[in-house]
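Structure file protein-v9.cif (mmCIF, C-alpha atoms and all ligand atoms) follows.
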data_work
#
loop_
_atom_site.label_atom_id
_atom_site.label_comp_id
_atom_site.auth_asym_id
_atom_site.auth_seq_id
_atom_site.Cartn_x
_atom_site.Cartn_y
_atom_site.Cartn_z
CA MET T 46 47.47 -36.19 39.48
CA ARG T 47 47.87 -36.96 35.79
CA LYS T 48 51.48 -37.25 34.64
CA SER T 49 52.67 -37.30 31.07
CA PHE T 50 51.76 -40.49 29.24
CA LYS T 51 54.74 -42.60 28.27
CA THR T 52 54.86 -44.46 25.01
CA VAL T 53 56.86 -47.36 23.68
CA GLY T 54 59.13 -47.18 20.65
CA ILE T 55 58.10 -43.69 19.63
CA ALA T 56 61.25 -43.23 17.56
CA ALA T 57 60.09 -45.95 15.24
CA MET T 58 56.66 -44.50 14.63
CA THR T 59 55.55 -42.34 11.76
CA ALA T 60 52.40 -40.32 11.75
CA ALA T 61 52.14 -40.98 8.02
CA ALA T 62 51.73 -44.67 8.68
CA LEU T 63 48.60 -44.13 10.67
CA THR T 64 45.39 -45.50 9.35
CA LEU T 65 42.28 -45.02 11.33
CA ALA T 66 40.02 -48.01 10.86
CA ALA T 67 37.37 -45.85 12.37
CA CYS T 68 37.61 -42.53 14.06
CA GLY T 69 35.62 -40.28 16.28
CA GLY T 70 35.83 -38.41 19.51
CA ALA T 71 34.49 -39.30 22.88
CA GLY T 72 31.11 -40.93 22.99
CA GLN T 73 28.00 -39.27 24.23
CA THR T 74 27.11 -39.32 27.86
CA SER T 75 24.89 -42.17 28.90
CA SER T 76 21.33 -41.35 29.77
CA GLY T 77 21.57 -43.87 32.56
CA SER T 78 18.46 -45.66 31.28
CA ALA T 79 18.07 -49.22 32.50
CA SER T 80 16.67 -50.37 29.16
CA SER T 81 19.81 -52.27 28.11
CA GLY T 82 21.12 -54.22 31.03
CA GLY T 83 22.16 -51.04 32.84
CA ALA T 84 24.33 -49.88 29.94
CA GLY T 85 22.09 -46.96 29.05
CA THR T 86 22.40 -45.38 25.61
CA GLY T 87 25.02 -43.31 23.79
CA THR T 88 28.26 -44.64 22.36
CA LEU T 89 31.00 -46.99 23.47
CA GLU T 90 34.30 -46.27 21.74
CA VAL T 91 36.85 -49.09 21.91
CA PHE T 92 40.47 -48.35 21.06
CA SER T 93 42.90 -51.09 19.96
CA TRP T 94 45.47 -51.97 17.29
CA TRP T 95 43.56 -54.96 16.02
CA THR T 96 43.16 -54.50 12.28
CA SER T 97 44.65 -57.60 10.63
CA GLY T 98 42.16 -60.26 9.41
CA SER T 99 42.26 -62.40 12.56
CA GLU T 100 42.56 -59.45 14.92
CA ALA T 101 39.52 -57.75 13.39
CA ALA T 102 37.54 -61.02 13.47
CA ALA T 103 38.38 -61.52 17.14
CA LEU T 104 37.50 -57.91 17.98
CA LYS T 105 34.17 -58.43 16.21
CA VAL T 106 33.37 -61.21 18.70
CA LEU T 107 33.78 -58.68 21.52
CA GLU T 108 31.69 -56.10 19.68
CA THR T 109 28.87 -58.59 19.12
CA ALA T 110 28.91 -59.63 22.77
CA PHE T 111 28.69 -56.00 23.83
CA THR T 112 25.98 -54.93 21.41
CA THR T 113 23.90 -57.96 22.40
CA ALA T 114 24.22 -57.01 26.07
CA ALA T 115 23.68 -53.31 25.40
CA PRO T 116 21.47 -52.98 22.30
CA ASP T 117 20.80 -49.27 22.82
CA VAL T 118 24.46 -48.29 22.83
CA THR T 119 26.31 -47.63 19.57
CA TYR T 120 29.62 -49.42 19.39
CA LYS T 121 32.48 -47.47 17.79
CA ASN T 122 35.62 -49.27 16.61
CA ALA T 123 38.57 -46.87 17.01
CA ALA T 124 41.29 -49.34 16.00
CA VAL T 125 44.54 -47.85 14.67
CA SER T 126 46.55 -50.14 12.41
CA GLY T 127 50.16 -51.06 13.11
CA GLY T 128 51.17 -54.41 14.59
CA GLY T 129 52.10 -54.39 18.26
CA GLY T 130 50.37 -51.06 18.72
CA SER T 131 53.25 -48.73 17.88
CA ASN T 132 51.02 -46.28 16.00
CA ALA T 133 48.04 -46.75 18.29
CA ARG T 134 50.02 -45.79 21.37
CA THR T 135 50.98 -42.43 19.86
CA VAL T 136 47.38 -41.61 19.01
CA LEU T 137 46.18 -42.77 22.42
CA ALA T 138 48.79 -40.71 24.28
CA THR T 139 47.59 -37.55 22.53
CA ARG T 140 43.99 -38.31 23.37
CA LEU T 141 44.72 -39.04 27.02
CA GLN T 142 46.80 -35.91 27.36
CA GLY T 143 43.99 -33.90 25.81
CA GLY T 144 41.44 -35.27 28.30
CA ASN T 145 39.65 -37.10 25.49
CA PRO T 146 39.95 -40.79 26.36
CA PRO T 147 38.12 -43.53 24.49
CA ASP T 148 35.71 -45.57 26.58
CA SER T 149 38.14 -48.45 26.72
CA TRP T 150 41.60 -49.13 25.37
CA GLN T 151 43.90 -52.08 24.84
CA LEU T 152 47.18 -52.55 26.65
CA HIS T 153 49.36 -55.34 28.01
CA PRO T 154 49.35 -56.61 31.58
CA ASP T 155 52.35 -56.32 33.89
CA LYS T 156 54.77 -53.38 33.54
CA ASP T 157 52.89 -51.95 30.56
CA LEU T 158 49.82 -51.57 32.76
CA ALA T 159 51.93 -50.33 35.67
CA SER T 160 53.37 -47.47 33.57
CA VAL T 161 49.87 -46.36 32.60
CA VAL T 162 48.57 -46.59 36.17
CA GLU T 163 51.47 -44.38 37.21
CA ASP T 164 50.15 -41.80 34.74
CA GLY T 165 46.79 -41.89 36.49
CA SER T 166 44.83 -42.75 33.34
CA PRO T 167 42.95 -46.00 34.03
CA ALA T 168 40.18 -46.53 36.59
CA ASP T 169 40.50 -48.78 39.64
CA LEU T 170 38.44 -51.90 38.84
CA THR T 171 38.82 -53.68 42.18
CA SER T 172 35.14 -53.46 43.07
CA LEU T 173 34.13 -54.75 39.61
CA TYR T 174 36.44 -57.73 40.20
CA GLN T 175 34.80 -58.36 43.56
CA GLU T 176 31.22 -58.02 42.30
CA ASN T 177 31.89 -60.50 39.50
CA GLY T 178 34.06 -62.99 41.40
CA TRP T 179 36.74 -62.77 38.69
CA GLU T 180 39.69 -63.58 40.94
CA ALA T 181 38.42 -67.13 41.39
CA LYS T 182 38.61 -67.92 37.67
CA LEU T 183 41.87 -66.24 36.66
CA PRO T 184 45.26 -67.99 36.78
CA GLU T 185 47.49 -67.21 39.75
CA ALA T 186 50.37 -66.17 37.48
CA LEU T 187 48.25 -63.54 35.75
CA LYS T 188 46.61 -61.86 38.74
CA PRO T 189 49.61 -59.83 39.93
CA MET T 190 50.11 -58.58 36.36
CA LEU T 191 46.65 -56.97 36.43
CA GLN T 192 47.23 -55.15 39.70
CA VAL T 193 49.20 -52.23 41.00
CA ASP T 194 49.55 -51.86 44.78
CA GLY T 195 46.92 -54.54 45.35
CA LYS T 196 44.27 -52.89 43.15
CA TYR T 197 43.00 -54.28 39.85
CA TYR T 198 43.12 -51.94 36.85
CA ALA T 199 42.75 -54.13 33.75
CA VAL T 200 40.55 -56.94 32.45
CA PRO T 201 42.52 -59.59 30.53
CA VAL T 202 41.21 -61.25 27.38
CA ASN T 203 43.88 -63.74 26.33
CA ALA T 204 47.27 -65.37 26.63
CA HIS T 205 49.56 -65.43 23.60
CA ARG T 206 52.79 -67.45 23.41
CA ALA T 207 55.42 -65.26 21.77
CA ASN T 208 58.25 -67.79 21.35
CA MET T 209 56.84 -69.82 18.47
CA LEU T 210 58.62 -70.55 15.22
CA TRP T 211 56.22 -70.96 12.29
CA THR T 212 57.66 -73.13 9.57
CA ASN T 213 57.06 -74.24 6.01
CA PRO T 214 57.10 -78.07 6.11
CA THR T 215 57.87 -78.46 2.40
CA VAL T 216 60.81 -76.04 2.44
CA LEU T 217 62.26 -77.75 5.53
CA LYS T 218 61.80 -81.21 4.05
CA ASP T 219 63.38 -80.26 0.72
CA ALA T 220 66.36 -78.84 2.60
CA GLY T 221 66.65 -81.91 4.83
CA VAL T 222 66.27 -79.79 7.97
CA LYS T 223 64.31 -81.10 10.95
CA LEU T 224 63.27 -78.75 13.72
CA THR T 225 61.99 -80.39 16.89
CA ASP T 226 61.42 -79.50 20.54
CA ALA T 227 64.99 -80.62 21.17
CA THR T 228 66.69 -78.48 18.48
CA SER T 229 69.13 -76.06 20.09
CA ILE T 230 69.59 -72.46 19.05
CA SER T 231 73.14 -73.17 17.80
CA GLU T 232 71.88 -76.10 15.68
CA PHE T 233 69.17 -73.87 14.22
CA VAL T 234 71.65 -71.11 13.37
CA ALA T 235 74.08 -73.66 11.86
CA ASP T 236 71.28 -75.00 9.61
CA LEU T 237 70.32 -71.61 8.17
CA PRO T 238 72.53 -71.84 5.05
CA LYS T 239 70.82 -75.12 4.10
CA LEU T 240 67.48 -73.31 4.11
CA LYS T 241 68.57 -70.69 1.62
CA SER T 242 67.70 -71.24 -2.02
CA ASP T 243 66.45 -69.30 -5.02
CA GLY T 244 63.54 -67.14 -3.91
CA VAL T 245 63.51 -68.65 -0.41
CA ALA T 246 64.86 -66.96 2.71
CA PRO T 247 65.69 -69.07 5.79
CA VAL T 248 63.89 -66.62 8.09
CA CYS T 249 61.07 -64.20 7.34
CA LEU T 250 61.12 -60.96 9.27
CA GLY T 251 58.37 -58.33 9.18
CA ALA T 252 60.51 -55.48 10.47
CA LYS T 253 58.08 -52.81 9.31
CA ASP T 254 56.59 -53.59 12.72
CA PRO T 255 59.41 -52.58 15.11
CA PHE T 256 58.24 -55.14 17.68
CA ALA T 257 59.03 -58.06 15.35
CA PRO T 258 62.86 -57.88 15.41
CA ALA T 259 62.72 -56.86 19.09
CA GLN T 260 60.72 -60.01 19.84
CA LEU T 261 63.09 -62.13 17.74
CA LEU T 262 66.10 -60.96 19.74
CA GLU T 263 64.21 -61.46 23.00
CA VAL T 264 63.67 -65.17 22.30
CA ILE T 265 67.26 -65.64 21.08
CA ILE T 266 68.37 -64.17 24.40
CA MET T 267 66.00 -66.48 26.31
CA ALA T 268 67.45 -69.47 24.46
CA ASN T 269 70.92 -68.49 25.61
CA VAL T 270 70.46 -67.20 29.16
CA GLY T 271 67.45 -69.30 30.25
CA THR T 272 64.53 -68.27 32.43
CA ASP T 273 66.49 -66.97 35.42
CA GLY T 274 68.98 -65.17 33.22
CA TYR T 275 66.21 -63.41 31.29
CA THR T 276 64.47 -62.28 34.47
CA GLN T 277 67.77 -60.96 35.78
CA LEU T 278 68.54 -59.21 32.51
CA VAL T 279 65.28 -57.25 32.37
CA THR T 280 65.62 -56.24 36.01
CA GLY T 281 69.24 -55.13 35.68
CA LYS T 282 70.78 -58.01 37.63
CA LEU T 283 72.48 -59.66 34.65
CA PRO T 284 74.57 -57.26 32.58
CA PHE T 285 74.13 -57.01 28.82
CA ASP T 286 77.86 -57.66 28.42
CA ASP T 287 77.40 -61.16 29.84
CA PRO T 288 79.07 -63.64 27.43
CA LYS T 289 75.76 -65.44 26.85
CA VAL T 290 74.02 -62.22 25.83
CA ARG T 291 76.92 -61.49 23.50
CA THR T 292 76.48 -64.95 21.95
CA ALA T 293 72.79 -64.18 21.49
CA LEU T 294 73.65 -60.95 19.68
CA GLU T 295 76.11 -62.75 17.40
CA GLN T 296 73.40 -65.30 16.57
CA PHE T 297 70.90 -62.48 15.95
CA LYS T 298 73.42 -61.00 13.53
CA THR T 299 73.71 -64.32 11.67
CA ILE T 300 69.94 -64.69 11.54
CA LEU T 301 69.62 -61.15 10.17
CA ASP T 302 72.05 -62.13 7.40
CA ASN T 303 69.52 -64.81 6.48
CA VAL T 304 66.27 -62.85 6.41
CA ASN T 305 64.11 -61.86 3.44
CA ASP T 306 65.36 -58.92 1.35
CA ASP T 307 62.12 -57.03 1.90
CA ALA T 308 62.19 -57.34 5.71
CA SER T 309 61.96 -53.59 6.29
CA ALA T 310 58.93 -53.30 3.99
CA ILE T 311 56.69 -56.05 5.32
CA THR T 312 54.61 -56.52 8.48
CA TRP T 313 54.40 -59.48 10.90
CA ASP T 314 51.33 -60.93 9.21
CA GLN T 315 52.84 -60.70 5.72
CA ALA T 316 55.93 -62.52 7.05
CA ALA T 317 53.71 -65.30 8.39
CA ILE T 318 51.78 -65.64 5.13
CA ASN T 319 55.00 -65.57 3.08
CA THR T 320 56.30 -68.46 5.18
CA ALA T 321 53.15 -70.49 4.57
CA GLU T 322 53.47 -69.67 0.86
CA GLY T 323 57.03 -70.99 0.67
CA LYS T 324 58.89 -67.68 0.30
CA CYS T 325 60.61 -68.34 3.62
CA ALA T 326 61.42 -71.43 5.66
CA THR T 327 60.54 -70.00 9.07
CA THR T 328 59.32 -66.95 10.94
CA LEU T 329 59.34 -66.17 14.66
CA MET T 330 56.07 -64.73 15.84
CA GLY T 331 53.59 -64.91 18.69
CA ASP T 332 50.68 -67.23 18.17
CA TRP T 333 48.51 -64.37 16.92
CA ALA T 334 50.20 -65.62 13.71
CA PHE T 335 48.32 -68.92 14.15
CA GLY T 336 45.02 -67.03 14.18
CA GLU T 337 46.10 -65.03 11.14
CA LEU T 338 47.24 -68.07 9.14
CA LEU T 339 43.93 -69.86 9.74
CA ASN T 340 42.05 -66.65 8.97
CA LYS T 341 43.82 -66.58 5.58
CA GLY T 342 42.81 -70.19 4.88
CA LYS T 343 46.21 -71.77 5.56
CA LYS T 344 46.21 -75.31 6.94
CA ASP T 345 48.22 -76.39 9.96
CA GLY T 346 50.38 -79.41 9.10
CA THR T 347 50.40 -78.84 5.34
CA ASP T 348 50.78 -75.13 4.52
CA PHE T 349 52.61 -74.44 7.75
CA SER T 350 53.78 -76.04 10.95
CA HIS T 351 55.22 -74.84 14.26
CA VAL T 352 57.75 -75.59 16.94
CA PRO T 353 58.82 -73.63 20.02
CA PHE T 354 61.70 -71.35 19.08
CA PRO T 355 64.88 -73.49 19.37
CA GLY T 356 66.18 -73.50 22.93
CA THR T 357 62.94 -72.17 24.45
CA THR T 358 60.76 -75.29 24.58
CA ASP T 359 60.24 -75.04 28.35
CA ILE T 360 59.39 -71.34 28.23
CA TYR T 361 56.06 -69.62 27.71
CA ASP T 362 57.02 -66.10 26.57
CA PHE T 363 53.80 -64.40 27.57
CA VAL T 364 52.08 -61.57 25.72
CA GLY T 365 48.63 -60.77 27.00
CA ASP T 366 46.02 -58.28 25.93
CA ALA T 367 43.77 -56.49 28.37
CA PHE T 368 41.35 -53.57 28.43
CA VAL T 369 41.08 -50.63 30.79
CA ILE T 370 38.59 -47.77 31.16
CA PRO T 371 39.39 -44.15 32.00
CA ALA T 372 39.64 -42.87 35.56
CA GLU T 373 38.61 -39.37 34.48
CA ASN T 374 36.48 -37.94 31.67
CA ALA T 375 34.82 -41.33 31.12
CA PRO T 376 32.54 -40.82 28.11
CA ASN T 377 30.05 -43.56 29.04
CA ALA T 378 30.86 -45.07 32.42
CA GLU T 379 27.89 -47.43 32.59
CA ALA T 380 28.43 -48.90 29.15
CA GLU T 381 32.15 -49.30 29.92
CA LYS T 382 31.37 -51.61 32.82
CA VAL T 383 29.05 -53.74 30.68
CA TRP T 384 31.83 -53.95 28.07
CA LEU T 385 34.41 -55.11 30.61
CA THR T 386 31.99 -57.65 32.05
CA GLN T 387 31.44 -59.21 28.63
CA LEU T 388 35.19 -59.77 28.19
CA LEU T 389 35.31 -62.42 30.90
CA ASP T 390 32.13 -64.21 29.95
CA PRO T 391 33.11 -67.87 29.29
CA LYS T 392 31.41 -68.03 25.88
CA VAL T 393 33.00 -64.75 24.77
CA GLN T 394 36.40 -65.98 25.99
CA SER T 395 36.05 -69.18 23.93
CA GLU T 396 34.88 -67.48 20.75
CA PHE T 397 37.28 -64.56 20.93
CA ASN T 398 40.40 -66.66 21.54
CA LEU T 399 39.48 -69.16 18.85
CA GLU T 400 39.72 -66.34 16.28
CA LYS T 401 42.74 -64.69 17.87
CA GLY T 402 44.99 -67.79 18.01
CA SER T 403 45.44 -67.35 21.77
CA ALA T 404 44.37 -69.19 24.91
CA PRO T 405 41.41 -68.12 27.07
CA VAL T 406 42.37 -66.80 30.50
CA THR T 407 39.34 -67.92 32.50
CA SER T 408 39.05 -71.44 33.90
CA ASP T 409 35.37 -71.67 32.84
CA ALA T 410 36.02 -71.12 29.10
CA SER T 411 35.59 -74.23 26.96
CA LEU T 412 38.25 -75.34 24.47
CA ASP T 413 35.78 -77.53 22.58
CA GLY T 414 36.39 -77.26 18.86
CA TYR T 415 39.80 -75.65 19.35
CA PRO T 416 42.58 -76.72 16.95
CA GLU T 417 45.23 -78.97 18.45
CA TYR T 418 47.84 -76.21 18.48
CA GLN T 419 45.64 -73.94 20.59
CA GLN T 420 44.77 -76.79 22.97
CA GLN T 421 48.49 -77.42 23.48
CA ALA T 422 49.25 -73.74 23.90
CA ALA T 423 46.51 -73.39 26.51
CA LYS T 424 48.12 -76.26 28.42
CA ALA T 425 51.57 -74.73 27.99
CA PHE T 426 50.28 -71.52 29.59
CA GLN T 427 49.34 -73.54 32.67
CA THR T 428 52.39 -75.77 32.88
CA LEU T 429 55.48 -73.99 31.54
CA THR T 430 57.57 -71.25 33.10
CA ILE T 431 55.98 -67.94 32.21
CA LEU T 432 58.24 -65.07 31.24
CA SER T 433 56.85 -61.66 30.38
CA SER T 434 57.79 -60.18 27.00
CA LEU T 435 60.21 -57.25 26.87
CA ALA T 436 59.46 -56.35 23.25
CA HIS T 437 55.78 -55.92 24.14
CA GLY T 438 56.50 -53.79 27.16
CA GLN T 439 55.51 -56.30 29.81
CA SER T 440 58.72 -57.03 31.68
CA ALA T 441 60.32 -53.61 32.13
CA PRO T 442 59.38 -49.95 32.49
CA ALA T 443 58.24 -48.17 29.30
CA GLU T 444 61.40 -46.07 28.99
CA PHE T 445 63.64 -49.16 29.04
CA VAL T 446 61.42 -50.96 26.54
CA SER T 447 61.60 -47.95 24.25
CA THR T 448 65.40 -47.88 24.47
CA TYR T 449 65.53 -51.61 23.74
CA THR T 450 63.23 -51.37 20.69
CA ASP T 451 65.17 -48.41 19.29
CA ALA T 452 68.51 -50.18 19.90
CA VAL T 453 67.23 -53.24 18.02
CA THR T 454 66.07 -51.01 15.15
CA SER T 455 69.56 -49.45 14.97
CA PHE T 456 71.16 -52.90 15.14
CA LEU T 457 69.26 -53.99 12.02
CA GLY T 458 71.37 -51.49 10.08
CA SER T 459 74.62 -51.35 12.03
CA LYS T 460 74.91 -54.98 13.26
CA ASN T 461 77.17 -53.44 15.88
CA VAL T 462 77.17 -55.76 18.91
CA ASP T 463 79.38 -53.52 21.08
CA SER T 464 77.28 -50.46 20.50
CA PHE T 465 74.06 -52.38 21.32
CA ILE T 466 75.60 -53.69 24.55
CA LYS T 467 76.79 -50.20 25.49
CA THR T 468 73.35 -48.66 24.95
CA MET T 469 71.59 -51.35 26.96
CA THR T 470 74.16 -51.30 29.75
CA GLU T 471 73.52 -47.57 30.18
CA ALA T 472 69.77 -48.17 30.08
CA GLN T 473 70.02 -50.83 32.78
CA LYS T 474 71.88 -48.33 34.92
CA ASN T 475 69.63 -45.33 34.27
CA GLN T 476 66.18 -46.68 33.51
CA LEU T 477 65.66 -49.70 35.74
CA GLY T 478 65.51 -47.80 38.97
CA GLY T 479 68.74 -49.11 40.49
C1 LIG Z 501 50.54 -57.73 20.19
C2 LIG Z 501 49.19 -58.14 20.69
C3 LIG Z 501 48.62 -59.23 19.89
C4 LIG Z 501 48.74 -58.97 18.39
C5 LIG Z 501 50.11 -58.40 18.02
C6 LIG Z 501 50.24 -57.94 16.57
O1 LIG Z 501 50.99 -56.61 20.90
O2 LIG Z 501 49.31 -58.59 22.02
O3 LIG Z 501 47.30 -59.42 20.26
O4 LIG Z 501 47.73 -58.18 18.00
O5 LIG Z 501 50.47 -57.35 18.84
O6 LIG Z 501 49.48 -56.80 16.31
#

Starting from the file, give its structure as structure tokens.
Amino acid sequence: MRKSFKTVGIAAMTAAALTLAACGGAGQTSSGSASSGGAGTGTLEVFSWWTSGSEAAALKVLETAFTTAAPDVTYKNAAVSGGGGSNARTVLATRLQGGNPPDSWQLHPDKDLASVVEDGSPADLTSLYQENGWEAKLPEALKPMLQVDGKYYAVPVNAHRANMLWTNPTVLKDAGVKLTDATSISEFVADLPKLKSDGVAPVCLGAKDPFAPAQLLEVIIMANVGTDGYTQLVTGKLPFDDPKVRTALEQFKTILDNVNDDASAITWDQAAINTAEGKCATTLMGDWAFGELLNKGKKDGTDFSHVPFPGTTDIYDFVGDAFVIPAENAPNAEAEKVWLTQLLDPKVQSEFNLEKGSAPVTSDASLDGYPEYQQQAAKAFQTLTILSSLAHGQSAPAEFVSTYTDAVTSFLGSKNVDSFIKTMTEAQKNQLGG
């Protein structure tokens, strides 16, 4: 039975901020004709939050793959702008509640998927996995994050590393600051004043996207509590009043004192571009920023550089994107299956992830022609300890994630460590299921 659809970070969303890149209701019903690889005719409506330059370019790769495989089906891009999907999730929730699902929608693997499966919205894809032999080419670490109770519900498209610090090499050099794999979080925080000068902020933050400060705090916490500590924290086994979490919050406070004045007015991608343009020394962002910087013509090594966020070199803070199709009221069931099948085609995986800044998730996708950063990141996904992002809803139930994001948003104004700890301690008790 369908339950109410939960959303993440609703408090931070404004309907006014919504921009529909394209809109439209459910597609037409397929005729079932075999003229286009079994996809029939009608429309395939794909819902995502990919509207920045690199996101749109990557999505276009998926569109082209689908329309080539299903030439008689009209592809409809229903992307809703707003980094991290905060706006998109509100729109999607309304549509799902109204029995008007798109043909396919974007979400994250792991707990984000689990929350949606609990609502009864996405279809069981286990037989599609079996027919296509997908299990054999997906990484072991990812498989459980695509399943609930042993059944597959989502098709993954990528792996993003969220704990990357993007830097401006000239600003760092002029300030005499070196950031390496061995730089600790306390060294980084101690160096911040050196990075401040006229018109330059030590850290760029695009807090117009609520996920950005939430992700920043998440990696500061990882740097302090380590991999086991983080896993315990998001499952309620390490309390938020642990001294190391408190240290993380104090460091977050110091970093916030060193961010750009317009933090609340700019988005994650503007923060990345501003860093490459020398308005900031650094910015923490997932490697979708790499795709965006290249998309905007910035050059790795000269305009910008990168280093794992200090203290998290051995960690791969994982943010993945995946697509699901509706369990009920599917507008075009046949075309939806063709769409999902295209997502794991090796050529599509290579081309899509090249644009997106991420790593392919299938073992048969080629990395030929990939920039060095993306080659390294793909290796890091296979070799480092994988943690699932809290800010992106992957490591905890939706309600807890929402409380966390809202608490971070309040902290930006109040900088009240005790109040943050109190809120999250309550949430651990009440929202993590014991
Ligand atoms: C994440 C998503 C990325 C990227 C980012 C900014 O949630 O996984 O693919 O799009 O948001 O919008």

Counting only C-alpha atoms and all ligand atoms, what residues are within 9 Å of ligand LIG 501 (chain Z), given as a PyMOL selection string? chain T and resi 93-97+99-100+126-131+151-153+203-205+254+256-257+313-314+330-334+364-367+401-403+436-438

Save out the residues we just selected, C-alpha atoms, as an mmCIF file, keeping the file's coordinate frame.
data_model
loop_
_atom_site.group_PDB
_atom_site.id
_atom_site.type_symbol
_atom_site.label_atom_id
_atom_site.label_comp_id
_atom_site.auth_asym_id
_atom_site.auth_seq_id
_atom_site.Cartn_x
_atom_site.Cartn_y
_atom_site.Cartn_z
ATOM 1 C CA SER T 93 42.900 -51.090 19.960
ATOM 2 C CA TRP T 94 45.470 -51.970 17.290
ATOM 3 C CA TRP T 95 43.560 -54.960 16.020
ATOM 4 C CA THR T 96 43.160 -54.500 12.280
ATOM 5 C CA SER T 97 44.650 -57.600 10.630
ATOM 6 C CA SER T 99 42.260 -62.400 12.560
ATOM 7 C CA GLU T 100 42.560 -59.450 14.920
ATOM 8 C CA SER T 126 46.550 -50.140 12.410
ATOM 9 C CA GLY T 127 50.160 -51.060 13.110
ATOM 10 C CA GLY T 128 51.170 -54.410 14.590
ATOM 11 C CA GLY T 129 52.100 -54.390 18.260
ATOM 12 C CA GLY T 130 50.370 -51.060 18.720
ATOM 13 C CA SER T 131 53.250 -48.730 17.880
ATOM 14 C CA GLN T 151 43.900 -52.080 24.840
ATOM 15 C CA LEU T 152 47.180 -52.550 26.650
ATOM 16 C CA HIS T 153 49.360 -55.340 28.010
ATOM 17 C CA ASN T 203 43.880 -63.740 26.330
ATOM 18 C CA ALA T 204 47.270 -65.370 26.630
ATOM 19 C CA HIS T 205 49.560 -65.430 23.600
ATOM 20 C CA ASP T 254 56.590 -53.590 12.720
ATOM 21 C CA PHE T 256 58.240 -55.140 17.680
ATOM 22 C CA ALA T 257 59.030 -58.060 15.350
ATOM 23 C CA TRP T 313 54.400 -59.480 10.900
ATOM 24 C CA ASP T 314 51.330 -60.930 9.210
ATOM 25 C CA MET T 330 56.070 -64.730 15.840
ATOM 26 C CA GLY T 331 53.590 -64.910 18.690
ATOM 27 C CA ASP T 332 50.680 -67.230 18.170
ATOM 28 C CA TRP T 333 48.510 -64.370 16.920
ATOM 29 C CA ALA T 334 50.200 -65.620 13.710
ATOM 30 C CA VAL T 364 52.080 -61.570 25.720
ATOM 31 C CA GLY T 365 48.630 -60.770 27.000
ATOM 32 C CA ASP T 366 46.020 -58.280 25.930
ATOM 33 C CA ALA T 367 43.770 -56.490 28.370
ATOM 34 C CA LYS T 401 42.740 -64.690 17.870
ATOM 35 C CA GLY T 402 44.990 -67.790 18.010
ATOM 36 C CA SER T 403 45.440 -67.350 21.770
ATOM 37 C CA ALA T 436 59.460 -56.350 23.250
ATOM 38 C CA HIS T 437 55.780 -55.920 24.140
ATOM 39 C CA GLY T 438 56.500 -53.790 27.160
#

Quick one: of T:Asp302, T:Glu263, T:Glu90, T:Asp169, who's nearest to T:Val453, counting all atoms listed in the file?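 Closest to T:Val453, using all atoms listed in the file: T:Glu263.
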
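Counting only C-alpha atoms, the residue from T:Thr358, T:Thr212, T:Thr228, T:Thr276 that sits nearest to T:Asn319 is T:Thr212.
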
Can you list, as a VMD selection string, every protein, DNA or RNA residue that comes within 8 Å of T:Thr320 when you count all atoms listed in the file, leaving out same-chain residues fewer than 5 positions away? chain T and resid 211 to 213 249 325 to 328 349

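Considering the residues T:Ala115, T:Phe426, T:Pro391, T:Ile360 and counting all atoms listed in the file, T:Asp273 has its shortest atom-to-atom contact with T:Ile360.
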
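Residues lying within 10 Å of T:Asn461, counting only C-alpha atoms and ignoring same-chain neighbours fewer than 6 positions away, are T:Leu294, T:Glu295, T:Lys298, T:Ser455.
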